[in-house]
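Structure file run.cif with mmCIF, C-alpha atoms:
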```cif
data_entry
loop_
_atom_site.group_PDB
_atom_site.id
_atom_site.type_symbol
_atom_site.label_atom_id
_atom_site.label_comp_id
_atom_site.auth_asym_id
_atom_site.auth_seq_id
_atom_site.Cartn_x
_atom_site.Cartn_y
_atom_site.Cartn_z
ATOM 1 C CA GLN A 1 86.084 69.643 88.455
ATOM 2 C CA VAL A 2 85.901 72.894 86.515
ATOM 3 C CA GLN A 3 89.025 73.995 84.708
ATOM 4 C CA LEU A 4 89.907 77.592 83.942
ATOM 5 C CA VAL A 5 92.268 78.138 81.028
ATOM 6 C CA GLU A 6 93.935 81.505 80.672
ATOM 7 C CA SER A 7 95.525 83.002 77.606
ATOM 8 C CA GLY A 8 96.710 86.324 76.276
ATOM 9 C CA GLY A 9 99.668 87.085 78.477
ATOM 10 C CA GLY A 10 103.015 88.105 77.092
ATOM 11 C CA LEU A 11 105.599 90.828 76.738
ATOM 12 C CA VAL A 12 104.510 94.349 75.876
ATOM 13 C CA GLN A 13 106.072 97.792 76.015
ATOM 14 C CA ALA A 14 104.867 100.360 78.478
ATOM 15 C CA GLY A 15 101.795 102.109 77.124
ATOM 16 C CA GLY A 16 100.755 99.057 75.156
ATOM 17 C CA SER A 17 97.759 96.773 75.499
ATOM 18 C CA LEU A 18 96.986 93.139 76.132
ATOM 19 C CA ARG A 19 93.759 91.194 76.472
ATOM 20 C CA LEU A 20 93.613 88.261 78.826
ATOM 21 C CA SER A 21 91.018 85.536 78.388
ATOM 22 C CA CYS A 22 89.826 82.958 80.884
ATOM 23 C CA THR A 23 87.655 80.159 79.553
ATOM 24 C CA ALA A 24 85.857 77.746 81.848
ATOM 25 C CA SER A 25 85.261 74.105 81.024
ATOM 26 C CA GLY A 26 81.577 74.516 81.910
ATOM 27 C CA SER A 27 78.875 77.139 82.076
ATOM 28 C CA ILE A 28 79.708 80.308 83.997
ATOM 29 C CA PHE A 29 76.171 81.652 83.938
ATOM 30 C CA ALA A 30 75.449 80.919 87.584
ATOM 31 C CA TYR A 31 78.817 81.920 88.986
ATOM 32 C CA LYS A 32 78.620 84.656 91.608
ATOM 33 C CA GLY A 33 81.704 86.323 90.223
ATOM 34 C CA MET A 34 84.761 85.843 88.103
ATOM 35 C CA GLY A 35 87.876 87.888 87.965
ATOM 36 C CA TRP A 36 91.606 88.249 88.084
ATOM 37 C CA TYR A 37 94.248 88.452 90.746
ATOM 38 C CA ARG A 38 97.892 89.179 90.105
ATOM 39 C CA GLN A 39 101.103 88.486 91.936
ATOM 40 C CA ALA A 40 104.433 90.156 91.322
ATOM 41 C CA PRO A 41 107.685 88.708 92.686
ATOM 42 C CA GLY A 42 107.985 89.421 96.381
ATOM 43 C CA ASN A 43 104.437 90.758 96.608
ATOM 44 C CA GLN A 44 101.202 89.345 97.885
ATOM 45 C CA ARG A 45 98.512 88.318 95.477
ATOM 46 C CA GLU A 46 96.133 91.224 94.891
ATOM 47 C CA LEU A 47 92.706 91.528 93.333
ATOM 48 C CA VAL A 48 92.788 93.303 89.983
ATOM 49 C CA ALA A 49 89.186 93.145 88.824
ATOM 50 C CA GLU A 50 86.014 91.155 89.240
ATOM 51 C CA VAL A 51 82.804 90.964 87.271
ATOM 52 C CA ARG A 52 79.731 89.838 89.164
ATOM 53 C CA ARG A 53 76.875 87.720 87.962
ATOM 54 C CA ASP A 54 74.850 90.824 87.070
ATOM 55 C CA GLY A 55 77.761 92.124 85.003
ATOM 56 C CA SER A 56 78.801 94.833 87.440
ATOM 57 C CA PRO A 57 82.574 95.247 87.709
ATOM 58 C CA ILE A 58 84.931 96.191 90.499
ATOM 59 C CA TYR A 59 88.516 97.321 90.027
ATOM 60 C CA GLU A 60 91.621 97.793 92.077
ATOM 61 C CA ASP A 61 92.338 101.519 92.267
ATOM 62 C CA SER A 62 95.563 101.471 90.262
ATOM 63 C CA VAL A 63 93.894 99.920 87.202
ATOM 64 C CA LYS A 64 90.729 102.016 87.112
ATOM 65 C CA GLY A 65 90.394 103.746 83.777
ATOM 66 C CA ARG A 66 92.964 101.448 82.158
ATOM 67 C CA PHE A 67 91.564 97.921 82.566
ATOM 68 C CA THR A 68 88.143 96.654 81.586
ATOM 69 C CA ILE A 69 86.696 93.336 82.679
ATOM 70 C CA SER A 70 83.812 91.652 80.901
ATOM 71 C CA ARG A 71 82.152 88.268 80.750
ATOM 72 C CA ASP A 72 80.603 86.375 77.870
ATOM 73 C CA ASN A 73 78.325 83.732 79.327
ATOM 74 C CA GLY A 74 77.738 82.191 75.929
ATOM 75 C CA GLN A 75 81.464 81.580 75.480
ATOM 76 C CA ASN A 76 82.049 80.721 79.168
ATOM 77 C CA THR A 77 84.800 83.328 79.092
ATOM 78 C CA VAL A 78 85.907 86.334 81.068
ATOM 79 C CA TYR A 79 88.132 88.954 79.493
ATOM 80 C CA LEU A 80 90.487 91.521 80.938
ATOM 81 C CA GLN A 81 91.356 94.273 78.503
ATOM 82 C CA MET A 82 94.474 96.032 79.729
ATOM 83 C CA ASN A 83 95.394 99.360 78.162
ATOM 84 C CA ASN A 84 98.152 101.856 78.883
ATOM 85 C CA LEU A 85 100.157 99.174 80.644
ATOM 86 C CA LYS A 86 102.764 100.263 83.153
ATOM 87 C CA LEU A 87 105.908 98.619 84.442
ATOM 88 C CA GLU A 88 104.177 97.957 87.749
ATOM 89 C CA ASP A 89 101.542 95.850 86.009
ATOM 90 C CA THR A 90 104.163 93.160 85.503
ATOM 91 C CA ALA A 91 102.973 90.049 87.331
ATOM 92 C CA VAL A 92 101.471 86.618 86.959
ATOM 93 C CA TYR A 93 97.742 87.035 86.446
ATOM 94 C CA TYR A 94 95.398 84.398 87.825
ATOM 95 C CA CYS A 95 91.811 83.925 86.793
ATOM 96 C CA TYR A 96 89.280 82.740 89.356
ATOM 97 C CA ALA A 97 85.616 81.789 89.476
ATOM 98 C CA ASP A 98 83.219 81.701 92.423
ATOM 99 C CA PRO A 99 80.501 79.089 91.995
ATOM 100 C CA LEU A 100 77.316 79.267 94.042
ATOM 101 C CA ARG A 101 77.855 76.246 96.265
ATOM 102 C CA SER A 102 81.502 75.243 96.171
ATOM 103 C CA ALA A 103 84.962 76.593 96.686
ATOM 104 C CA ARG A 104 86.692 79.025 94.358
ATOM 105 C CA TYR A 105 88.302 77.726 91.198
ATOM 106 C CA TRP A 106 91.662 79.041 90.003
ATOM 107 C CA GLY A 107 93.453 79.113 86.701
ATOM 108 C CA GLN A 108 97.089 78.229 86.271
ATOM 109 C CA GLY A 109 98.250 81.811 85.761
ATOM 110 C CA THR A 110 99.603 83.734 82.800
ATOM 111 C CA GLN A 111 102.649 85.984 82.801
ATOM 112 C CA VAL A 112 102.340 89.637 81.849
ATOM 113 C CA THR A 113 105.607 91.508 81.444
ATOM 114 C CA VAL A 114 105.718 95.224 80.703
ATOM 115 C CA SER A 115 109.035 96.595 79.477
ATOM 116 C CA SER A 116 110.298 100.163 79.265
#
```

Encoded form (structure tokens):
Amino acid sequence: QVQLVESGGGLVQAGGSLRLSCTASGSIFAYKGMGWYRQAPGNQRELVAEVRRDGSPIYEDSVKGRFTISRDNGQNTVYLQMNNLKLEDTAVYYCYADPLRSARYWGQGTQVTVSS
């Protein structure tokens, strides 16, 4: 069973930056995609960003231009650089990984809180 361990969450003022990391217990080279969802209280979980096996990213509209997702296959890690954070970015952020032949893996979640 692959484990995904997230880090980098915390409390930051609006306009600040955080970098989330998600490290897998095994190689991520063959994974179709890895990315991040987030869930704020009372809201559904929503896709924030994904990076595909070829390195191409996709972003939710509200984070375009502010967030950057990247993957380091050598470190088995995916990063989410979050700049110009807004109050509405406050949520629990969940890392996920899509292997080729099995179900999606999920991390345990990391809290991001943006204060005014």

*Target residues per the PyMOL selection byres ((chain A and resi 9-20) around 10), formatted as a count of residues only*: 36

*Tell me which of A:Leu47, A:Lys32, A:Leu4, A:Gly74 sits closest to A:Ser62, counting only C-alpha atoms.*
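Selected residue with least distance to A:Ser62: A:Leu47.
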
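Atom CA of A:Gly55 sits 11.7 Å away from atom CA of A:Ala30.
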
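One finds atom CA of A:Ile58 at 14.7 Å from atom CA of A:Arg38.
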
_Evaluated on this file, the PyMOL selection byres ((chain A and resi 105) around 8) picks out some residues - which ones are they, written as a PyMOL selection string?_
chain A and resi 2-4+96-99+103-104+106-107

*Give me, please, the distance in Å between atom CA of A:Val51 and atom CA of A:Tyr31, quoted to one decimal.*
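Atom-to-atom, atom CA of A:Val51 and atom CA of A:Tyr31 are spaced 10.0 Å apart.
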
Output stretch 21-32 of chain A with N, CA and C atoms present, as a PDB file, in the coordinates of the input.
```pdb
ATOM      1  N   SER A  21      92.261  86.311  78.457  1.00  0.00           N
ATOM      2  CA  SER A  21      91.018  85.536  78.388  1.00  0.00           C
ATOM      3  C   SER A  21      91.078  84.403  79.396  1.00  0.00           C
ATOM      4  N   CYS A  22      89.939  84.079  79.941  1.00  0.00           N
ATOM      5  CA  CYS A  22      89.826  82.958  80.884  1.00  0.00           C
ATOM      6  C   CYS A  22      88.576  82.186  80.497  1.00  0.00           C
ATOM      7  N   THR A  23      88.770  80.982  80.013  1.00  0.00           N
ATOM      8  CA  THR A  23      87.655  80.159  79.553  1.00  0.00           C
ATOM      9  C   THR A  23      87.446  78.985  80.493  1.00  0.00           C
ATOM     10  N   ALA A  24      86.205  78.836  80.941  1.00  0.00           N
ATOM     11  CA  ALA A  24      85.857  77.746  81.848  1.00  0.00           C
ATOM     12  C   ALA A  24      85.417  76.519  81.066  1.00  0.00           C
ATOM     13  N   SER A  25      85.622  75.359  81.684  1.00  0.00           N
ATOM     14  CA  SER A  25      85.261  74.105  81.024  1.00  0.00           C
ATOM     15  C   SER A  25      83.760  73.846  81.060  1.00  0.00           C
ATOM     16  N   GLY A  26      83.024  74.646  81.852  1.00  0.00           N
ATOM     17  CA  GLY A  26      81.577  74.516  81.910  1.00  0.00           C
ATOM     18  C   GLY A  26      80.918  75.887  81.912  1.00  0.00           C
ATOM     19  N   SER A  27      79.628  75.892  82.110  1.00  0.00           N
ATOM     20  CA  SER A  27      78.875  77.139  82.076  1.00  0.00           C
ATOM     21  C   SER A  27      79.245  78.052  83.240  1.00  0.00           C
ATOM     22  N   ILE A  28      79.396  79.326  82.953  1.00  0.00           N
ATOM     23  CA  ILE A  28      79.708  80.308  83.997  1.00  0.00           C
ATOM     24  C   ILE A  28      78.484  81.129  84.369  1.00  0.00           C
ATOM     25  N   PHE A  29      77.355  80.808  83.778  1.00  0.00           N
ATOM     26  CA  PHE A  29      76.171  81.652  83.938  1.00  0.00           C
ATOM     27  C   PHE A  29      75.816  81.874  85.397  1.00  0.00           C
ATOM     28  N   ALA A  30      75.901  80.823  86.198  1.00  0.00           N
ATOM     29  CA  ALA A  30      75.449  80.919  87.584  1.00  0.00           C
ATOM     30  C   ALA A  30      76.542  81.359  88.551  1.00  0.00           C
ATOM     31  N   TYR A  31      77.734  81.565  88.071  1.00  0.00           N
ATOM     32  CA  TYR A  31      78.817  81.920  88.986  1.00  0.00           C
ATOM     33  C   TYR A  31      78.553  83.293  89.607  1.00  0.00           C
ATOM     34  N   LYS A  32      78.812  83.401  90.911  1.00  0.00           N
ATOM     35  CA  LYS A  32      78.620  84.656  91.608  1.00  0.00           C
ATOM     36  C   LYS A  32      79.535  85.738  91.056  1.00  0.00           C
TER      37      LYS A  32
END
```
